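K.L.:
So here's run_25.pdb, just PDB, C-alpha atoms (C1' of nucleotides):
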```
ATOM      1  CA  MET A   1      -5.395  -1.452  -5.605
ATOM      2  CA  LEU A   2      -4.560  -5.059  -4.868
ATOM      3  CA  GLN A   3      -0.814  -4.398  -4.918
ATOM      4  CA  GLN A   4       0.255  -5.272  -1.356
ATOM      5  CA  THR A   5      -3.317  -4.907  -0.156
ATOM      6  CA  ARG A   6      -5.902  -7.530   0.756
ATOM      7  CA  MET A   7      -9.039  -8.130  -1.209
ATOM      8  CA  GLU A   8     -11.276  -7.417   1.793
ATOM      9  CA  THR A   9      -9.563  -4.074   2.362
ATOM     10  CA  VAL A  10      -9.763  -3.099  -1.292
ATOM     11  CA  LEU A  11     -13.392  -3.970  -2.047
ATOM     12  CA  PRO A  12     -15.198  -0.944  -0.592
ATOM     13  CA  TYR A  13     -12.598   1.402  -2.100
ATOM     14  CA  PHE A  14     -12.918  -0.294  -5.462
ATOM     15  CA  GLU A  15     -16.698   0.031  -5.443
ATOM     16  CA  ARG A  16     -16.589   3.760  -4.796
ATOM     17  CA  PHE A  17     -13.703   4.297  -7.184
ATOM     18  CA  HIS A  18     -15.349   2.370  -9.983
ATOM     19  CA  ALA A  19     -18.693   4.125  -9.482
ATOM     20  CA  ARG A  20     -16.982   7.494  -9.846
ATOM     21  CA  PHE A  21     -14.618   6.402 -12.663
ATOM     22  CA  PRO A  22     -16.483   3.738 -14.644
ATOM     23  CA  ASN A  23     -14.002   3.765 -17.529
ATOM     24  CA  VAL A  24     -10.525   4.879 -18.476
ATOM     25  CA  GLN A  25     -11.763   8.125 -20.024
ATOM     26  CA  ALA A  26     -13.492   9.180 -16.820
ATOM     27  CA  LEU A  27     -10.351   8.468 -14.829
ATOM     28  CA  ALA A  28      -8.169  10.370 -17.293
ATOM     29  CA  GLU A  29     -10.412  13.426 -17.148
ATOM     30  CA  ALA A  30     -10.435  13.604 -13.355
ATOM     31  CA  SER A  31      -8.032  15.767 -11.386
ATOM     32  CA  GLU A  32      -5.267  14.057  -9.456
ATOM     33  CA  GLN A  33      -6.730  15.460  -6.254
ATOM     34  CA  GLU A  34     -10.081  13.829  -6.957
ATOM     35  CA  VAL A  35      -8.381  10.507  -7.653
ATOM     36  CA  LEU A  36      -6.410  10.751  -4.414
ATOM     37  CA  ARG A  37      -9.544  11.673  -2.503
ATOM     38  CA  LEU A  38     -11.228   8.413  -3.472
ATOM     39  CA  TRP A  39      -8.021   6.527  -2.673
ATOM     40  CA  SER A  40      -7.453   8.167   0.669
ATOM     41  CA  GLY A  41      -7.190   5.635   3.459
ATOM     42  CA  LEU A  42      -5.928   2.870   1.198
ATOM     43  CA  GLY A  43      -2.278   3.838   1.445
ATOM     44  CA  TYR A  44       0.590   3.629  -1.022
ATOM     45  CA  TYR A  45      -0.715   6.756  -2.654
ATOM     46  CA  ARG A  46       1.821   6.641  -5.454
ATOM     47  CA  ARG A  47      -0.258   3.785  -6.855
ATOM     48  CA  ALA A  48      -3.163   6.193  -7.321
ATOM     49  CA  ARG A  49      -1.017   8.800  -9.021
ATOM     50  CA  MET A  50       0.487   6.228 -11.351
ATOM     51  CA  LEU A  51      -2.907   4.717 -12.174
ATOM     52  CA  HIS A  52      -4.119   8.185 -13.028
ATOM     53  CA  ALA A  53      -1.045   8.822 -15.188
ATOM     54  CA  ALA A  54      -1.561   5.465 -16.894
ATOM     55  CA  ALA A  55      -5.181   6.312 -17.690
ATOM     56  CA  ARG A  56      -4.125   9.611 -19.242
ATOM     57  CA  GLN A  57      -1.442   7.815 -21.232
ATOM     58  CA  VAL A  58      -3.965   5.306 -22.572
ATOM     59  CA  VAL A  59      -6.375   8.043 -23.599
ATOM     60  CA  GLU A  60      -3.805  10.407 -25.062
ATOM     61  CA  GLN A  61      -1.415   7.978 -26.717
ATOM     62  CA  PHE A  62      -3.582   4.948 -27.493
ATOM     63  CA  ASP A  63      -6.835   6.704 -28.271
ATOM     64  CA  GLY A  64      -8.454   5.116 -25.219
ATOM     65  CA  GLU A  65      -7.670   1.543 -26.317
ATOM     66  CA  LEU A  66      -6.262  -0.596 -23.513
ATOM     67  CA  PRO A  67      -3.070  -2.582 -24.197
ATOM     68  CA  GLN A  68      -3.655  -6.133 -25.445
ATOM     69  CA  SER A  69      -0.596  -7.965 -24.112
ATOM     70  CA  ALA A  70       1.430  -8.331 -20.935
ATOM     71  CA  ALA A  71       4.412  -6.620 -22.573
ATOM     72  CA  ALA A  72       2.306  -3.605 -23.551
ATOM     73  CA  TRP A  73       0.683  -3.371 -20.114
ATOM     74  CA  ARG A  74       4.122  -3.559 -18.530
ATOM     75  CA  ARG A  75       5.048  -0.218 -20.074
ATOM     76  CA  LEU A  76       2.318   1.665 -18.215
ATOM     77  CA  PRO A  77       3.315   3.469 -15.023
ATOM     78  CA  GLY A  78       2.507   1.447 -11.914
ATOM     79  CA  VAL A  79       2.240  -1.800 -13.864
ATOM     80  CA  GLY A  80       5.100  -4.165 -13.108
ATOM     81  CA  GLU A  81       5.759  -7.853 -13.663
ATOM     82  CA  TYR A  82       3.005  -8.969 -11.332
ATOM     83  CA  THR A  83       0.202  -6.729 -12.567
ATOM     84  CA  SER A  84       0.945  -7.176 -16.264
ATOM     85  CA  ALA A  85       0.923 -10.961 -15.838
ATOM     86  CA  ALA A  86      -2.248 -10.903 -13.757
ATOM     87  CA  VAL A  87      -4.141  -8.805 -16.304
ATOM     88  CA  ALA A  88      -2.861 -10.622 -19.392
ATOM     89  CA  SER A  89      -3.467 -14.116 -18.006
ATOM     90  CA  GLN A  90      -7.006 -13.312 -16.865
ATOM     91  CA  ALA A  91      -8.103 -11.067 -19.703
ATOM     92  CA  PHE A  92      -6.246 -12.505 -22.697
ATOM     93  CA  GLY A  93      -5.362 -16.020 -21.594
ATOM     94  CA  GLU A  94      -1.684 -15.216 -22.063
ATOM     95  CA  ARG A  95       0.628 -17.797 -20.516
ATOM     96  CA  VAL A  96       2.443 -15.509 -18.113
ATOM     97  CA  ALA A  97       2.945 -16.509 -14.483
ATOM     98  CA  VAL A  98       2.233 -14.169 -11.602
ATOM     99  CA  VAL A  99       4.695 -14.022  -8.730
ATOM    100  CA  ASP A 100       3.217 -12.474  -5.628
ATOM    101  CA  GLY A 101       3.793 -13.082  -1.936
ATOM    102  CA  ASN A 102       1.556 -16.145  -2.001
ATOM    103  CA  VAL A 103       3.262 -17.772  -4.976
ATOM    104  CA  LYS A 104       6.688 -17.167  -3.465
ATOM    105  CA  ARG A 105       5.679 -18.841  -0.215
ATOM    106  CA  VAL A 106       4.095 -21.801  -2.006
ATOM    107  CA  ALA A 107       7.191 -22.199  -4.202
ATOM    108  CA  ALA A 108       9.575 -21.978  -1.258
ATOM    109  CA  ARG A 109       7.676 -24.758   0.531
ATOM    110  CA  TYR A 110       6.881 -26.989  -2.414
ATOM    111  CA  LEU A 111      10.425 -26.869  -3.772
ATOM    112  CA  GLY A 112      12.056 -26.678  -0.349
ATOM    113  CA  LEU A 113      14.033 -23.532  -1.138
ATOM    114  CA  ALA A 114      16.226 -22.318   1.718
ATOM    115  CA  LEU A 115      15.535 -18.671   0.988
ATOM    116  CA  ALA A 116      13.866 -15.774   2.774
ATOM    117  CA  ALA A 117      10.674 -14.154   1.510
ATOM    118  CA  ASP A 118      12.411 -10.919   0.587
ATOM    119  CA  GLN A 119      15.306 -12.473  -1.310
ATOM    120  CA  PRO A 120      15.399 -11.815  -5.049
ATOM    121  CA  ALA A 121      16.574 -15.400  -5.542
ATOM    122  CA  LEU A 122      13.233 -16.679  -4.250
ATOM    123  CA  HIS A 123      11.361 -14.390  -6.580
ATOM    124  CA  ARG A 124      13.490 -15.646  -9.475
ATOM    125  CA  GLN A 125      12.989 -19.329  -8.691
ATOM    126  CA  ALA A 126       9.270 -18.889  -8.092
ATOM    127  CA  ALA A 127       9.031 -17.206 -11.506
ATOM    128  CA  GLU A 128      10.869 -20.114 -13.156
ATOM    129  CA  TRP A 129       8.590 -22.613 -11.428
ATOM    130  CA  GLY A 130       5.521 -20.674 -12.563
ATOM    131  CA  ALA A 131       6.760 -20.527 -16.135
ATOM    132  CA  GLU A 132       7.326 -24.265 -16.070
ATOM    133  CA  LEU A 133       3.773 -24.915 -14.853
ATOM    134  CA  MET A 134       2.480 -22.594 -17.560
ATOM    135  CA  ARG A 135       4.213 -24.627 -20.278
ATOM    136  CA  ASP A 136       2.550 -27.845 -19.115
ATOM    137  CA  LEU A 137      -0.936 -26.341 -19.246
ATOM    138  CA  PRO A 138      -3.563 -27.604 -21.719
ATOM    139  CA  GLN A 139      -4.613 -25.366 -24.594
ATOM    140  CA  ALA A 140      -7.397 -22.885 -23.935
ATOM    141  CA  ARG A 141     -10.677 -23.824 -25.579
ATOM    142  CA  GLY A 142     -14.325 -23.155 -25.241
ATOM    143  CA  GLY A 143     -13.681 -19.922 -23.362
ATOM    144  CA  SER A 144     -11.552 -21.541 -20.663
ATOM    145  CA  ARG A 145      -8.572 -19.600 -19.316
ATOM    146  CA  PRO A 146      -6.066 -22.161 -18.036
ATOM    147  CA  ALA A 147      -3.329 -19.554 -17.518
ATOM    148  CA  GLY A 148      -5.514 -17.231 -15.494
ATOM    149  CA  ASP A 149      -6.953 -20.156 -13.561
ATOM    150  CA  LEU A 150      -3.502 -21.458 -12.678
ATOM    151  CA  ASN A 151      -2.397 -18.045 -11.452
ATOM    152  CA  GLN A 152      -5.486 -17.586  -9.323
ATOM    153  CA  ALA A 153      -5.246 -21.146  -8.033
ATOM    154  CA  LEU A 154      -1.681 -20.642  -6.818
ATOM    155  CA  MET A 155      -2.501 -17.355  -5.143
ATOM    156  CA  PHE A 156      -5.653 -18.768  -3.550
ATOM    157  CA  LEU A 157      -3.752 -21.823  -2.369
ATOM    158  CA  GLY A 158      -1.269 -19.531  -0.644
ATOM    159  CA  ALA A 159      -3.998 -17.425   0.920
ATOM    160  CA  SER A 160      -6.249 -20.268   2.064
ATOM    161  CA  ARG A 161      -4.092 -23.360   2.797
ATOM    162  CA  CYS A 162      -0.426 -22.536   2.425
ATOM    163  CA  LYS A 163      -0.730 -19.608   4.829
ATOM    164  CA  PRO A 164       2.301 -17.975   6.462
ATOM    165  CA  ARG A 165       1.369 -19.506   9.823
ATOM    166  CA  GLN A 166      -0.339 -22.817  10.506
ATOM    167  CA  PRO A 167      -0.548 -24.031   6.910
ATOM    168  CA  ASP A 168      -3.250 -26.633   6.355
ATOM    169  CA  CYS A 169      -1.273 -29.333   4.564
ATOM    170  CA  ALA A 170      -3.991 -31.952   5.089
ATOM    171  CA  SER A 171      -6.317 -30.123   2.690
ATOM    172  CA  CYS A 172      -3.621 -29.134   0.191
ATOM    173  CA  PRO A 173      -4.046 -30.547  -3.319
ATOM    174  CA  ILE A 174      -0.284 -30.608  -3.971
ATOM    175  CA  GLN A 175       0.849 -31.958  -0.626
ATOM    176  CA  ALA A 176       2.149 -35.136  -2.297
ATOM    177  CA  GLY A 177       5.141 -33.497  -3.962
ATOM    178  CA  CYS A 178       5.789 -30.834  -1.322
ATOM    179  CA  LYS A 179       9.181 -30.780   0.400
ATOM    180  CA  ALA A 180       7.975 -28.651   3.294
ATOM    181  CA  ALA A 181       4.970 -30.874   3.991
ATOM    182  CA  ALA A 182       7.215 -33.936   3.946
ATOM    183  CA  SER A 183       9.496 -32.325   6.519
ATOM    184  CA  GLY A 184       6.641 -32.005   9.010
ATOM    185  CA  GLN A 185       7.642 -28.370   9.611
ATOM    186  CA  PRO A 186       6.088 -26.518   6.664
ATOM    187  CA  GLU A 187       6.115 -23.271   8.609
ATOM    188  CA  ALA A 188       9.907 -23.271   8.457
ATOM    189  CA  TRP A 189       9.686 -22.054   4.850
ATOM    190  CA  PRO A 190      10.453 -19.480   3.693
ATOM    191  CA  LEU A 191      13.428 -18.652   5.930
ATOM    192  CA  PRO A 192      12.968 -15.727   8.346
ATOM    193  CA  ALA A 193      13.807 -12.415   6.717
ATOM    194  CA  LYS A 194      16.113  -9.870   8.246
ATOM    195  CA  LYS A 195      13.849  -7.530  10.160
ATOM    196  CA  LYS A 196      13.989  -3.882   9.343
ATOM    197  CA  ALA A 197      14.492  -1.450  12.170
ATOM    198  CA  MET A 198      11.668   0.887  13.126
ATOM    199  CA  LYS A 199      12.439   4.537  13.610
ATOM    200  CA  ASP A 200      10.682   6.668  16.171
ATOM    201  CA  LEU A 201       9.504  10.035  14.985
ATOM    202  CA  HIS A 202       8.162  12.834  17.152
ATOM    203  CA  LEU A 203       5.951  15.347  15.428
ATOM    204  CA  LEU A 204       3.856  18.326  16.370
ATOM    205  CA  PHE A 205       0.547  18.937  14.606
ATOM    206  CA  LEU A 206      -0.960  22.391  14.539
ATOM    207  CA  VAL A 207      -4.718  22.233  14.249
ATOM    208  CA  ALA A 208      -7.198  25.020  13.719
ATOM    209  CA  GLY A 209     -10.741  25.077  12.463
ATOM    210  CA  GLU A 210     -14.216  23.818  13.039
ATOM    211  CA  ASN A 211     -17.113  22.239  11.160
ATOM    212  CA  ARG A 212     -16.374  22.424   7.411
ATOM    213  CA  SER A 213     -13.362  24.699   7.553
ATOM    214  CA  TRP A 214      -9.957  23.570   8.779
ATOM    215  CA  TRP A 215      -6.312  24.554   8.391
ATOM    216  CA  LEU A 216      -4.922  21.947   5.986
ATOM    217  CA  GLN A 217      -1.826  21.733   3.839
ATOM    218  CA  ALA A 218      -0.946  19.444   0.980
ATOM    219  CA  ARG A 219       2.137  17.351   1.672
ATOM    220  CA  GLN A 220       4.823  17.764  -0.938
ATOM    221  CA  GLU A 221       7.427  15.136  -0.199
ATOM    222  CA  GLY A 222       8.174  12.167   1.989
ATOM    223  CA  TRP A 223       5.035  10.377   3.088
ATOM    224  CA  ASN A 224       1.602  10.908   1.685
ATOM    225  CA  PRO A 225       2.621  13.254  -1.125
ATOM    226  CA  GLY A 226      -0.393  15.092  -2.504
ATOM    227  CA  LEU A 227      -2.503  14.352   0.547
ATOM    228  CA  PHE A 228      -3.776  16.951   2.962
ATOM    229  CA  GLU A 229      -3.022  17.110   6.644
ATOM    230  CA  PRO A 230      -2.980  19.751   9.334
ATOM    231  CA  PRO A 231       0.460  21.367   9.240
ATOM    232  CA  SER A 232       3.156  19.614  11.206
ATOM    233  CA  LEU A 233       6.755  20.080  12.218
ATOM    234  CA  PRO A 234       9.338  18.167  14.228
ATOM    235  CA  ASP A 235       8.585  18.197  17.937
ATOM    236  CA  GLY A 236      11.041  19.495  20.510
ATOM    237  CA  ASP A 237      11.991  22.764  18.855
ATOM    238  CA  PRO A 238      10.119  25.711  20.441
ATOM    239  CA  THR A 239      11.940  28.189  18.228
ATOM    240  CA  ALA A 240      10.732  26.464  15.092
ATOM    241  CA  LEU A 241       7.195  26.476  16.452
ATOM    242  CA  ARG A 242       7.292  30.217  17.164
ATOM    243  CA  LYS A 243       8.737  30.877  13.723
ATOM    244  CA  PHE A 244       6.081  28.738  12.082
ATOM    245  CA  CYS A 245       3.306  30.587  13.904
ATOM    246  CA  ARG A 246       4.771  33.940  12.880
ATOM    247  CA  GLN A 247       5.080  32.893   9.241
ATOM    248  CA  HIS A 248       1.498  31.727   9.086
ATOM    249  CA  ARG A 249       0.170  34.611  11.126
ATOM    250  CA  VAL A 250      -1.284  32.382  13.776
ATOM    251  CA  GLU A 251      -1.388  33.655  17.312
ATOM    252  CA  SER A 252       0.717  31.344  19.377
ATOM    253  CA  ALA A 253      -2.050  30.776  21.906
ATOM    254  CA  TYR A 254      -2.921  27.127  21.783
ATOM    255  CA  GLN A 255      -4.090  24.213  23.820
ATOM    256  CA  GLU A 256      -2.419  20.830  23.773
ATOM    257  CA  ILE A 257      -5.319  18.495  23.154
ATOM    258  CA  GLY A 258      -3.613  15.130  23.069
ATOM    259  CA  GLU A 259      -1.412  12.713  21.231
ATOM    260  CA  VAL A 260      -1.754  10.587  18.127
ATOM    261  CA  ARG A 261       0.143   7.429  17.271
ATOM    262  CA  HIS A 262       0.521   6.121  13.788
ATOM    263  CA  THR A 263       2.839   3.866  11.828
ATOM    264  CA  ILE A 264       3.977   4.528   8.294
ATOM    265  CA  THR A 265       6.065   1.672   6.903
ATOM    266  CA  HIS A 266       9.161   1.627   9.074
ATOM    267  CA  HIS A 267       8.392   4.772  11.052
ATOM    268  CA  ARG A 268       6.612   4.853  14.367
ATOM    269  CA  ILE A 269       5.094   8.295  14.696
ATOM    270  CA  ARG A 270       4.113   9.875  17.973
ATOM    271  CA  ALA A 271       2.566  13.275  17.476
ATOM    272  CA  ARG A 272       1.424  15.876  19.951
ATOM    273  CA  VAL A 273      -1.530  17.900  18.749
ATOM    274  CA  LEU A 274      -1.910  21.596  19.465
ATOM    275  CA  LYS A 275      -5.184  23.356  18.797
ATOM    276  CA  PHE A 276      -5.202  27.026  17.952
ATOM    277  CA  GLY A 277      -8.194  29.251  18.551
ATOM    278  CA  SER A 278      -7.567  32.125  16.189
ATOM    279  CA  TRP A 279      -6.350  31.685  12.660
ATOM    280  CA  ASP A 280      -6.988  32.919   9.141
ATOM    281  CA  SER A 281     -10.141  30.932   8.538
ATOM    282  CA  SER A 282     -10.560  32.420   5.057
ATOM    283  CA  SER A 283      -8.023  29.851   3.874
ATOM    284  CA  GLY A 284      -9.878  26.977   5.512
ATOM    285  CA  LEU A 285     -10.571  23.755   3.634
ATOM    286  CA  ASP A 286     -13.343  21.211   3.970
ATOM    287  CA  PRO A 287     -11.734  17.902   4.996
ATOM    288  CA  ALA A 288     -14.461  16.027   3.128
ATOM    289  CA  ALA A 289     -13.453  17.688  -0.136
ATOM    290  CA  VAL A 290      -9.738  16.920  -0.134
ATOM    291  CA  PRO A 291      -7.682  13.718   0.116
ATOM    292  CA  LEU A 292      -6.730  13.047   3.735
ATOM    293  CA  SER A 293      -4.197  10.530   4.970
ATOM    294  CA  ALA A 294      -5.112   8.139   7.762
ATOM    295  CA  LEU A 295      -2.758  10.125   9.979
ATOM    296  CA  GLY A 296      -4.503  13.363   9.014
ATOM    297  CA  LYS A 297      -7.869  11.806   9.824
ATOM    298  CA  LYS A 298      -6.659  10.742  13.249
ATOM    299  CA  VAL A 299      -5.399  14.227  14.034
ATOM    300  CA  LEU A 300      -8.596  15.906  12.875
ATOM    301  CA  ALA A 301     -10.746  13.433  14.774
ATOM    302  CA  LEU A 302      -8.833  14.235  17.951
ATOM    303  CA  ALA A 303      -9.419  17.925  17.312
ATOM    304  CA  GLY A 304     -13.159  17.399  17.113
ATOM    305  CA  TYR A 305     -13.764  17.099  13.379
ATOM    306  CA  ARG A 306     -16.732  14.870  12.605
ATOM    307  CA  SER A 307     -16.886  13.509   9.087
TER     308      SER A 307
ATOM    309  C1'  DC B 308      20.347  -4.273  -5.320
ATOM    310  C1'  DA B 309      18.484  -1.870  -1.242
ATOM    311  C1'  DG B 310      15.501   1.346   0.406
ATOM    312  C1'  DC B 311      11.207   3.411   0.279
ATOM    313  C1'  DC B 312       6.244   3.930   0.354
ATOM    314  C1'  DG B 313       0.311   3.012   4.020
ATOM    315  C1'  DT B 314      -2.791   0.695   6.295
ATOM    316  C1'  DG B 315      -5.199  -2.878   8.710
ATOM    317  C1'  DG B 316      -5.558  -7.660  10.333
ATOM    318  C1'  DT B 317      -3.685 -11.500  12.974
ATOM    319  C1'  DC B 318      -1.589 -13.973  16.573
TER     320       DC B 318
ATOM    321  C1'  DT C 319       2.146  -4.865  22.426
ATOM    322  C1'  DG C 320       4.869  -5.842  18.623
ATOM    323  C1'  DA C 321       6.271  -8.454  14.699
ATOM    324  C1'  DC C 322       4.787 -10.097  10.512
ATOM    325  C1'  DC C 323       2.549  -9.734   6.270
ATOM    326  C1'  DA C 324      -0.530  -8.614   2.326
ATOM    327  C1'  DA C 325      -3.076  -9.875  -5.438
ATOM    328  C1'  DG C 326       4.264  -4.660  -5.701
ATOM    329  C1'  DG C 327       6.612  -0.979  -8.171
ATOM    330  C1'  DC C 328       9.844   2.716  -8.550
ATOM    331  C1'  DT C 329      14.294   4.929  -7.783
TER     332       DT C 329
END
```
Do you think you could lay out the structure here as structure tokens?
P.N.:
Amino acid sequence: MLQQTRMETVLPYFERFHARFPNVQALAEASEQEVLRLWSGLGYYRRARMLHAAARQVVEQFDGELPQSAAAWRRLPGVGEYTSAAVASQAFGERVAVVDGNVKRVAARYLGLALAADQPALHRQAAEWGAELMRDLPQARGGSRPAGDLNQALMFLGASRCKPRQPDCASCPIQAGCKAAASGQPEAWPLPAKKKAMKDLHLLFLVAGENRSWWLQARQEGWNPGLFEPPSLPDGDPTALRKFCRQHRVESAYQEIGEVRHTITHHRIRARVLKFGSWDSSSGLDPAAVPLSALGKKVLALAGYRS
DNA sequence: CAGCCGTGGTC
DNA sequence: TGACCAAGGCT
């Protein structure tokens, strides 16, 4: 859950998720839809599907025993260099360095690397720096976890002092050897990344339903795969709308009830919402019982759905 | 390697 | 308002 997502955002999701799936067996036995439902709103839904797949793999292939090393964790779906190092350093005391956004920023400043945050070269050099710090660590004893502590310390330093903007060098414990602090312009590191262009997308949502029964479809591809939303199609094509209504046996009498704006990664979505009065309500779904995307929630809220 | 995937907070 | 960014990983 913490991949690309802040602790404060994750916490309430984690609490609910962990209450429902207290162990790997419970997660493995759940349906993917149930897993997505408890994840819905957190974003990056592929993480949920991969976590679910990993749980099933652990139960089916390893008899429910969790991997005991970074290398073994790394083989699970959804577990990359960062996550395997985070788990193994905290749980097993393994001397593997984490490289996240914080560590990369701290490394760029401390070492004075003229690289942008999204450059693989920065990731590589931050990893080398981390490995070097790991080698100089004292041996673990008496239950101490120097490797895990170092990893958390670097990430916390990045989040609390060595922030992207207005870093607090005065309170930084490693200011003495820091190139960026010495320059007087610590904010100049890392270099500005090339900005990615946003694309505008115009959609049309078709909403029908009331109370506990609404017209919802599971998305198959593109964004939010596996999540439910009211059906949508590209805006600006009346023929497509008529065809869609005919296919789904919905009378094309509707009311335009408003507009919803939403951003998904590099897409800026502007969606008009049409509400239909008559539809085949026998196929209605309860929005509370299926995984909804944030976009789907916005559309339903506009249409009068109260969760 | 480059592109892709969500959402919410901050300034 | 918009740009940036966050405890990344997969294709």
K.L.:
Counting all atoms listed in the file, which of A:Gly184, A:Pro146, A:Pro230, A:Pro164 gets nearest to chain B?
P.N.:
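Looking only at the distances to chain B, the closest residue turns out to be A:Pro164.
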K.L.:
At a cut-off of 8 Å from (3.1, -0.1, -1.8) in the coordinates of the file, what residues are picked up using all atoms listed in the file, written as a list in words?
P.N.:
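Answer for this query, in the requested form: Gln3, Gln4, Gly43, Tyr44, Tyr45, Arg46 and Arg47 of chain A; DC312 and DG313 of chain B; DG326 and DG327 of chain C.
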K.L.:
For the file shown, what are the residues hit by the PyMOL selection byres ((chain A and resi 7) around 12), laid out as a compact mmCIF listing (two decimals) with C-alpha atoms (C1' of nucleotides), keeping the file's coordinate frame?
P.N.:
```txt
# COMPACT_ATOMS: atom_id res chain seq x y z
CA MET A 1 -5.40 -1.45 -5.60
CA LEU A 2 -4.56 -5.06 -4.87
CA GLN A 3 -0.81 -4.40 -4.92
CA GLN A 4 0.26 -5.27 -1.36
CA THR A 5 -3.32 -4.91 -0.16
CA ARG A 6 -5.90 -7.53 0.76
CA GLU A 8 -11.28 -7.42 1.79
CA THR A 9 -9.56 -4.07 2.36
CA VAL A 10 -9.76 -3.10 -1.29
CA LEU A 11 -13.39 -3.97 -2.05
CA PRO A 12 -15.20 -0.94 -0.59
CA TYR A 13 -12.60 1.40 -2.10
CA PHE A 14 -12.92 -0.29 -5.46
CA GLU A 15 -16.70 0.03 -5.44
CA LEU A 42 -5.93 2.87 1.20
CA MET A 155 -2.50 -17.36 -5.14
CA PHE A 156 -5.65 -18.77 -3.55
CA ALA A 159 -4.00 -17.42 0.92
C1' DG B 315 -5.20 -2.88 8.71
C1' DA C 324 -0.53 -8.61 2.33
C1' DA C 325 -3.08 -9.88 -5.44
```
K.L.:
Near Gln175 in chain A, within 12 Å and counting only C-alpha atoms (C1' of nucleotides), which residues show up once chain neighbours fewer than 6 positions away are dropped, as a compact mmCIF listing (two decimals) with C-alpha atoms, keeping the file's coordinate frame?
P.N.:
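As a result, out_7.txt now contains:
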```
# COMPACT_ATOMS: atom_id res chain seq x y z
CA VAL A 106 4.10 -21.80 -2.01
CA ARG A 109 7.68 -24.76 0.53
CA TYR A 110 6.88 -26.99 -2.41
CA LEU A 111 10.42 -26.87 -3.77
CA LEU A 157 -3.75 -21.82 -2.37
CA ARG A 161 -4.09 -23.36 2.80
CA CYS A 162 -0.43 -22.54 2.42
CA PRO A 167 -0.55 -24.03 6.91
CA ASP A 168 -3.25 -26.63 6.36
CA CYS A 169 -1.27 -29.33 4.56
CA ALA A 181 4.97 -30.87 3.99
CA ALA A 182 7.22 -33.94 3.95
CA SER A 183 9.50 -32.33 6.52
CA GLY A 184 6.64 -32.01 9.01
CA PRO A 186 6.09 -26.52 6.66
```
K.L.:
Enter the distance from CA of Val207 in chain A to CA of His248 in chain A, in Å, rounded to one decimal.
P.N.:
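Separation of CA of Val207 in chain A and CA of His248 in chain A: 12.5 Å.
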K.L.:
Identify all residues satisfying the PyMOL selection byres ((chain A and resi 198) around 12) in the given file; provide them as a PDB file with C-alpha atoms (C1' of nucleotides), in the coordinates of the input.
P.N.:
```pdb
ATOM      1  CA  LYS A 195      13.849  -7.530  10.160  1.00  0.00           C
ATOM      2  CA  LYS A 196      13.989  -3.882   9.343  1.00  0.00           C
ATOM      3  CA  ALA A 197      14.492  -1.450  12.170  1.00  0.00           C
ATOM      4  CA  LYS A 199      12.439   4.537  13.610  1.00  0.00           C
ATOM      5  CA  ASP A 200      10.682   6.668  16.171  1.00  0.00           C
ATOM      6  CA  LEU A 201       9.504  10.035  14.985  1.00  0.00           C
ATOM      7  CA  THR A 263       2.839   3.866  11.828  1.00  0.00           C
ATOM      8  CA  ILE A 264       3.977   4.528   8.294  1.00  0.00           C
ATOM      9  CA  THR A 265       6.065   1.672   6.903  1.00  0.00           C
ATOM     10  CA  HIS A 266       9.161   1.627   9.074  1.00  0.00           C
ATOM     11  CA  HIS A 267       8.392   4.772  11.052  1.00  0.00           C
ATOM     12  CA  ARG A 268       6.612   4.853  14.367  1.00  0.00           C
ATOM     13  CA  ILE A 269       5.094   8.295  14.696  1.00  0.00           C
TER      14      ILE A 269
ATOM     15  C1'  DG C 320       4.869  -5.842  18.623  1.00  0.00           C
ATOM     16  C1'  DA C 321       6.271  -8.454  14.699  1.00  0.00           C
TER      17       DA C 321
END
```
K.L.:
Rounded to one decimal place, report the CA of Gly142 in chain A-CA of Ala97 in chain A distance in Å.
P.N.:
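Computing it gives 21.4 Å between the two atoms.
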K.L.:
What box, with edges along x, y and z, holds each listed atom of range 147-163 of chain A when 5 Å is added on every side, and can you state its centre and edge lengths in Å to one decimal, as AutoDock Vina command-line options?
P.N.:
```
--center_x -3.7 --center_y -20.3 --center_z -6.3 --size_x 16.5 --size_y 16.1 --size_z 32.3
```
K.L.:
Using the chain letters and numbers from the file, give me the residues hit by the PyMOL selection byres ((chain B and resi 317) around 9), as a list in words.
P.N.:
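After applying the PyMOL selection byres ((chain B and resi 317) around 9), what remains is DG316 and DC318 of chain B; DC322 of chain C.
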K.L.:
In Å, rounded to a single decimal, give me how far CA of Asn23 in chain A is from CA of Trp223 in chain A.
P.N.:
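That distance, rounded to one decimal, is 28.8 Å.
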K.L.:
For a quick check of understanding, using only C-alpha atoms (C1' of nucleotides), which of A:Ser84, A:Ser282, A:Gln247, A:Ser307 has the smallest distance to chain C?
P.N.:
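Nearest to chain C: A:Ser84.
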K.L.:
Counting all atoms listed in the file, which residues come within 7 Å of (1.7, 22.1, 9.3), with the point read in the file's coordinates, and could you list them as an MDAnalysis selection string?
P.N.:
chainID A and resid 205:206 217 230:233
K.L.:
For Asp280 in chain A, please output as a list in words all residues within 9 Å (counting all atoms listed in the file; exclusion window: fewer than 2 positions along the same chain).
P.N.:
Trp215, His248, Arg249, Val250, Ser278, Ser282, Ser283 and Gly284 of chain A
K.L.:
How would the residues just picked look written out with C-alpha atoms as a PDB file, in the coordinates of the input?
P.N.:
```
ATOM      1  CA  TRP A 215      -6.312  24.554   8.391  1.00  0.00           C
ATOM      2  CA  HIS A 248       1.498  31.727   9.086  1.00  0.00           C
ATOM      3  CA  ARG A 249       0.170  34.611  11.126  1.00  0.00           C
ATOM      4  CA  VAL A 250      -1.284  32.382  13.776  1.00  0.00           C
ATOM      5  CA  SER A 278      -7.567  32.125  16.189  1.00  0.00           C
ATOM      6  CA  SER A 282     -10.560  32.420   5.057  1.00  0.00           C
ATOM      7  CA  SER A 283      -8.023  29.851   3.874  1.00  0.00           C
ATOM      8  CA  GLY A 284      -9.878  26.977   5.512  1.00  0.00           C
TER       9      GLY A 284
END
```
